[in-house]
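Student: Sending over work25.cif (mmCIF, C-alpha atoms).
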data_data
loop_
_atom_site.label_atom_id
_atom_site.label_comp_id
_atom_site.auth_asym_id
_atom_site.auth_seq_id
_atom_site.Cartn_x
_atom_site.Cartn_y
_atom_site.Cartn_z
CA MET A 1472 0.00 0.00 0.00
CA THR A 1473 1.33 3.43 -0.95
CA LEU A 1474 1.16 5.94 1.85
CA PRO A 1475 0.51 9.60 1.10
CA ASN A 1476 3.41 11.95 1.62
CA LEU A 1477 3.21 13.60 5.01
CA ASP A 1478 4.78 16.98 5.69
CA PHE A 1479 5.82 17.43 9.31
CA ASN A 1480 7.63 20.69 8.59
CA VAL A 1481 4.78 22.74 10.01
CA LEU A 1482 6.45 24.76 12.77
CA HIS A 1483 7.73 28.10 11.48
CA PRO A 1484 8.31 30.36 14.49
CA GLU A 1485 8.52 34.10 13.94
CA PRO A 1486 10.47 36.60 16.05
CA LEU A 1487 8.31 38.06 18.81
CA MET A 1488 7.96 41.61 20.01
CA VAL A 1489 8.13 41.07 23.78
CA VAL A 1490 7.05 44.09 25.82
CA ILE A 1491 7.94 44.08 29.52
CA SER A 1492 6.08 46.60 31.65
CA GLY A 1493 4.63 46.89 35.14
CA LEU A 1494 4.92 48.90 38.30
CA SER A 1495 7.98 51.01 38.95
CA GLY A 1496 9.99 49.12 41.55
CA ALA A 1497 8.60 45.72 40.55
CA GLY A 1498 12.03 44.54 39.39
CA LYS A 1499 11.60 44.76 35.60
CA ASP A 1500 15.27 45.52 35.03
CA SER A 1501 16.38 42.58 37.17
CA VAL A 1502 14.06 40.19 35.32
CA ILE A 1503 15.30 41.41 31.95
CA GLU A 1504 18.94 41.11 33.03
CA GLU A 1505 18.31 37.53 34.17
CA LEU A 1506 16.74 36.66 30.80
CA ILE A 1507 19.66 38.20 28.89
CA GLN A 1508 22.22 36.39 31.08
CA ARG A 1509 20.65 33.08 30.04
CA GLY A 1510 21.77 33.62 26.46
CA LEU A 1511 18.25 33.51 25.04
CA PRO A 1512 17.81 34.78 21.45
CA LEU A 1513 16.71 38.24 22.59
CA HIS A 1514 17.67 41.66 21.27
CA PHE A 1515 17.06 44.22 24.02
CA VAL A 1516 15.94 47.62 22.74
CA VAL A 1517 17.51 50.22 25.00
CA THR A 1518 15.03 52.91 26.05
CA THR A 1519 15.94 56.57 25.55
CA THR A 1520 15.42 58.89 28.52
CA SER A 1521 16.02 62.50 29.42
CA ARG A 1522 16.66 61.78 33.11
CA ALA A 1523 20.11 61.66 34.61
CA PRO A 1524 21.68 58.21 35.12
CA ARG A 1525 21.48 56.64 38.55
CA ALA A 1526 24.47 55.08 40.27
CA ASN A 1527 25.79 52.05 38.35
CA GLU A 1528 23.60 52.76 35.27
CA VAL A 1529 25.53 52.57 32.00
CA HIS A 1530 24.73 54.60 28.90
CA GLY A 1531 23.82 52.30 26.01
CA LYS A 1532 23.15 49.35 28.31
CA ASP A 1533 20.53 50.45 30.84
CA TYR A 1534 19.26 53.50 28.93
CA LEU A 1535 20.31 55.90 26.22
CA PHE A 1536 20.71 59.10 28.24
CA VAL A 1537 20.07 62.34 26.35
CA SER A 1538 19.23 65.89 27.35
CA LYS A 1539 15.64 67.06 27.46
CA VAL A 1540 16.42 69.36 24.53
CA GLU A 1541 17.71 66.43 22.47
CA PHE A 1542 14.71 64.30 23.40
CA GLU A 1543 12.32 67.03 22.27
CA ARG A 1544 14.27 67.28 19.00
CA MET A 1545 13.73 63.52 18.52
CA ILE A 1546 9.99 63.99 19.14
CA GLU A 1547 9.85 66.78 16.56
CA ALA A 1548 11.80 64.68 14.04
CA LYS A 1549 9.43 61.70 14.62
CA GLU A 1550 12.36 59.47 15.56
CA LEU A 1551 10.42 57.79 18.39
CA ILE A 1552 7.84 55.02 18.09
CA GLU A 1553 6.40 55.93 21.47
CA TYR A 1554 7.29 58.27 24.31
CA ALA A 1555 5.82 59.64 27.50
CA LEU A 1556 6.59 62.11 30.25
CA VAL A 1557 7.24 60.00 33.37
CA TYR A 1558 8.01 61.63 36.74
CA ASN A 1559 8.86 64.88 34.90
CA ASP A 1560 11.33 63.15 32.56
CA TYR A 1561 10.86 61.77 29.08
CA LYS A 1562 11.15 58.08 28.20
CA GLY A 1563 10.70 56.64 24.75
CA VAL A 1564 11.59 54.00 22.18
CA SER A 1565 13.72 54.96 19.21
CA ARG A 1566 12.49 53.68 15.84
CA ALA A 1567 16.11 53.13 14.77
CA GLN A 1568 16.72 50.88 17.79
CA VAL A 1569 13.65 48.75 16.99
CA ASP A 1570 14.67 48.46 13.33
CA ILE A 1571 18.11 47.19 14.36
CA ALA A 1572 16.56 44.68 16.76
CA ALA A 1573 14.03 43.40 14.20
CA ALA A 1574 16.81 42.91 11.62
CA SER A 1575 18.67 40.64 14.07
CA GLY A 1576 16.12 37.84 13.63
CA LYS A 1577 15.89 37.53 17.41
CA ASP A 1578 12.92 38.27 19.65
CA VAL A 1579 12.68 42.02 20.16
CA LEU A 1580 12.60 42.80 23.89
CA LEU A 1581 11.39 46.19 25.10
CA ARG A 1582 11.00 47.69 28.57
CA VAL A 1583 8.38 50.45 28.63
CA ASP A 1584 5.79 51.96 30.96
CA VAL A 1585 2.13 51.02 30.59
CA GLN A 1586 1.43 53.96 28.28
CA GLY A 1587 4.23 52.79 26.03
CA ALA A 1588 2.87 49.24 26.12
CA ALA A 1589 -0.55 50.53 25.04
CA ARG A 1590 1.05 52.45 22.18
CA LEU A 1591 3.03 49.41 21.02
CA ARG A 1592 -0.09 47.23 21.19
CA SER A 1593 -1.93 49.73 18.97
CA LEU A 1594 0.96 49.73 16.48
CA ASN A 1595 1.51 45.98 16.61
CA PRO A 1596 -1.54 44.00 17.81
CA ASP A 1597 0.58 40.83 17.87
CA ALA A 1598 2.99 42.25 20.45
CA LEU A 1599 3.39 40.00 23.51
CA LEU A 1600 2.69 42.12 26.60
CA ILE A 1601 3.95 40.98 30.02
CA PHE A 1602 3.19 42.86 33.25
CA ILE A 1603 5.62 42.53 36.20
CA ILE A 1604 4.24 43.02 39.69
CA PRO A 1605 5.59 42.44 43.23
CA GLU A 1606 3.83 39.99 45.50
CA ASN A 1607 2.08 42.66 47.58
CA GLU A 1608 2.00 46.35 48.47
CA GLU A 1609 4.21 45.90 51.54
CA ALA A 1610 7.03 44.29 49.54
CA TRP A 1611 6.71 46.96 46.84
CA LEU A 1612 6.99 49.86 49.29
CA HIS A 1613 9.90 48.17 51.08
CA ARG A 1614 11.92 48.25 47.86
CA PHE A 1615 11.66 52.04 47.70
CA THR A 1616 12.64 52.31 51.34
CA GLN A 1617 15.79 50.32 50.56
CA ARG A 1618 16.63 52.63 47.66
CA GLY A 1619 16.46 55.66 49.94
CA VAL A 1620 15.90 58.01 47.01
CA ASP A 1621 12.24 59.01 47.39
CA THR A 1622 10.95 62.18 49.00
CA PRO A 1623 7.43 62.22 50.51
CA GLU A 1624 6.21 64.04 47.41
CA SER A 1625 7.76 61.50 45.01
CA GLN A 1626 6.27 58.69 47.10
CA ARG A 1627 2.82 60.22 46.68
CA ILE A 1628 3.37 60.51 42.93
CA ARG A 1629 4.45 56.87 42.76
CA LEU A 1630 1.33 55.69 44.60
CA ASP A 1631 -0.93 57.70 42.30
CA THR A 1632 0.97 56.40 39.29
CA ALA A 1633 0.75 52.79 40.50
CA ARG A 1634 -3.05 53.05 40.71
CA ASN A 1635 -3.12 54.24 37.12
CA GLU A 1636 -0.66 51.55 35.98
CA LEU A 1637 -2.73 48.77 37.53
CA SER A 1638 -5.77 49.96 35.57
CA TYR A 1639 -3.95 48.89 32.37
CA LEU A 1640 -3.58 45.28 33.53
CA PRO A 1641 -6.48 43.85 31.44
CA MET A 1642 -4.64 44.92 28.28
CA PHE A 1643 -1.72 42.57 29.00
CA ASP A 1644 -1.36 38.94 27.93
CA TYR A 1645 0.44 37.71 31.05
CA VAL A 1646 1.13 38.92 34.58
CA ILE A 1647 4.28 37.73 36.37
CA VAL A 1648 4.71 38.02 40.13
CA ASN A 1649 8.34 38.87 40.93
CA ARG A 1650 8.65 37.85 44.57
CA ASP A 1651 11.62 39.01 46.64
CA GLY A 1652 14.36 36.40 46.48
CA HIS A 1653 12.65 34.49 43.64
CA LEU A 1654 13.94 36.31 40.58
CA LYS A 1655 14.85 33.10 38.76
CA GLU A 1656 11.29 31.81 39.14
CA ALA A 1657 9.93 34.94 37.46
CA ALA A 1658 12.44 34.55 34.63
CA ASP A 1659 11.64 30.82 34.35
CA THR A 1660 7.97 31.65 33.85
CA ILE A 1661 8.72 34.19 31.13
CA GLN A 1662 11.08 31.77 29.40
CA SER A 1663 8.30 29.15 29.41
CA ILE A 1664 5.90 31.69 27.93
CA LEU A 1665 8.34 32.46 25.12
CA THR A 1666 8.75 28.74 24.40
CA ALA A 1667 4.97 28.28 24.24
CA GLU A 1668 4.47 31.36 22.07
CA HIS A 1669 7.01 30.06 19.56
CA SER A 1670 4.92 26.88 19.29
CA ARG A 1671 1.73 28.66 18.23
CA VAL A 1672 0.02 27.36 15.10
CA GLN A 1673 -0.71 30.96 14.13
CA PRO A 1674 2.44 32.83 15.20
CA ARG A 1675 2.53 36.41 16.38
CA ARG A 1676 4.37 38.72 14.00
CA ILE A 1677 6.26 41.99 14.34
CA CYS A 1678 4.48 44.65 12.33
CA LEU A 1679 5.20 48.35 12.82
#
Let me see the file written as structure tokens.

Tutor:
Amino acid sequence: MTLPNLDFNVLHPEPLMVVISGLSGAGKDSVIEELIQRGLPLHFVVTTTSRAPRANEVHGKDYLFVSKVEFERMIEAKELIEYALVYNDYKGVSRAQVDIAAASGKDVLLRVDVQGAARLRSLNPDALLIFIIPENEEAWLHRFTQRGVDTPESQRIRLDTARNELSYLPMFDYVIVNRDGHLKEAADTIQSILTAEHSRVQPRRICL
């Protein structure tokens, strides 16, 4: 009996646009650093900001630090895919940076605030949106106490901002709890999500 030819070459994964967002102080940077250290096929798009670098932050690695004047020039020249004014400083994603990442053939990894995530979802409905959150309010506030950088006024602004950020949660595809001392678990969960997403019958695609 002659058997029909069967084609098992059916899995054709596409690079993902992975958007990491969440509350300030939830540990987004630490989660991203853990993912990058694992050698996953990720191209991290460095966010541009007008704020001054904090201690141990490196230009070109943590952020692209520019002056407020330069950032406003980039806005005027339409060089940014999305941007927002956050805590009186600008943050945004450079179109050139995304183009470079997309050309790499790797998953494009972005770290943005919730407004930026909403903008990226509107531009690319197939973007994979992941929200990072601490386990509870007490743990979240303790992280800012450890930093020792907040004034009472900035603390009030952060609380008001957090309420607004949480209102965006239904827009996201996944929420990841980053518990203190369990960073690897959070990264494990995201890595599992990426594996599952690359096994979709109808893959997500990057389209900007």

Student: Evaluate the PyMOL selection byres ((chain A and resi 1490-1497) around 9) and record the selected residues as a PyMOL selection string, following the chain and residue labels used in the document.

Tutor: chain A and resi 1488-1489+1498-1500+1503+1579-1585+1587-1588+1591+1598-1606+1611-1612+1614-1615+1629+1632-1633+1636-1637+1640+1646+1648-1650

Student: Can you give me, as a ChimeraX atom specification, the residues this file yields under the PyMOL selection byres ((chain A and resi 1515) around 12)?

Tutor: /A:1487-1491,1500,1503-1504,1506-1508,1510-1514,1516-1518,1531-1534,1564,1568-1573,1575,1577-1583

Student: List the residues matched by the PyMOL selection byres ((chain A and resi 1544-1554) around 6) in the displayed structure as a PyMOL selection string, ordered by chain and then by residue number.

Tutor: chain A and resi 1541-1543+1555+1562-1566+1587

Student: A:Arg1525, A:His1483, A:Arg1675, A:Arg1509: which is nearest Gln1662 of chain A, counting all atoms listed in the file?

Tutor: A:Arg1509

Student: Leaving out Arg1671 of chain A and any residue of its chain fewer than 6 positions from it, which residues lie within 10 Å of it when counting all atoms listed in the file, given as a PyMOL selection string?

Tutor: chain A and resi 1482-1485

Student: Pick the closest to Asp1631 of chain A from A:Asp1651, A:Tyr1645, A:Tyr1558, A:Arg1676: which is it, counting all atoms listed in the file?

Tutor: A:Tyr1558

Student: Suppose you want the space between atom CA of Asn1595 of chain A and atom CA of Ile1677 of chain A; what is it in Å?

Tutor: 6.6 Å

Student: Take the point (20.7, 60.1, 35.1) as written in the file and pick out every residue within 12 Å of it, counting only C-alpha atoms; give the list as a PyMOL selection string.

Tutor: chain A and resi 1519-1530+1533-1539+1560-1562

Student: Looking at only C-alpha atoms, which of A:Asp1659, A:Ile1628, A:Val1672, A:Ala1667 is the one that sits closest to Val1557 of chain A?

Tutor: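 Comparing A:Asp1659, A:Ile1628, A:Val1672, A:Ala1667 against Val1557 of chain A, the winner is A:Ile1628.
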
Student: Find the distance between atom CA of Glu1505 of chain A and atom CA of Ala1657 of chain A and write it in Å to one decimal.

Tutor: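 Those two atoms sit 9.4 Å apart.
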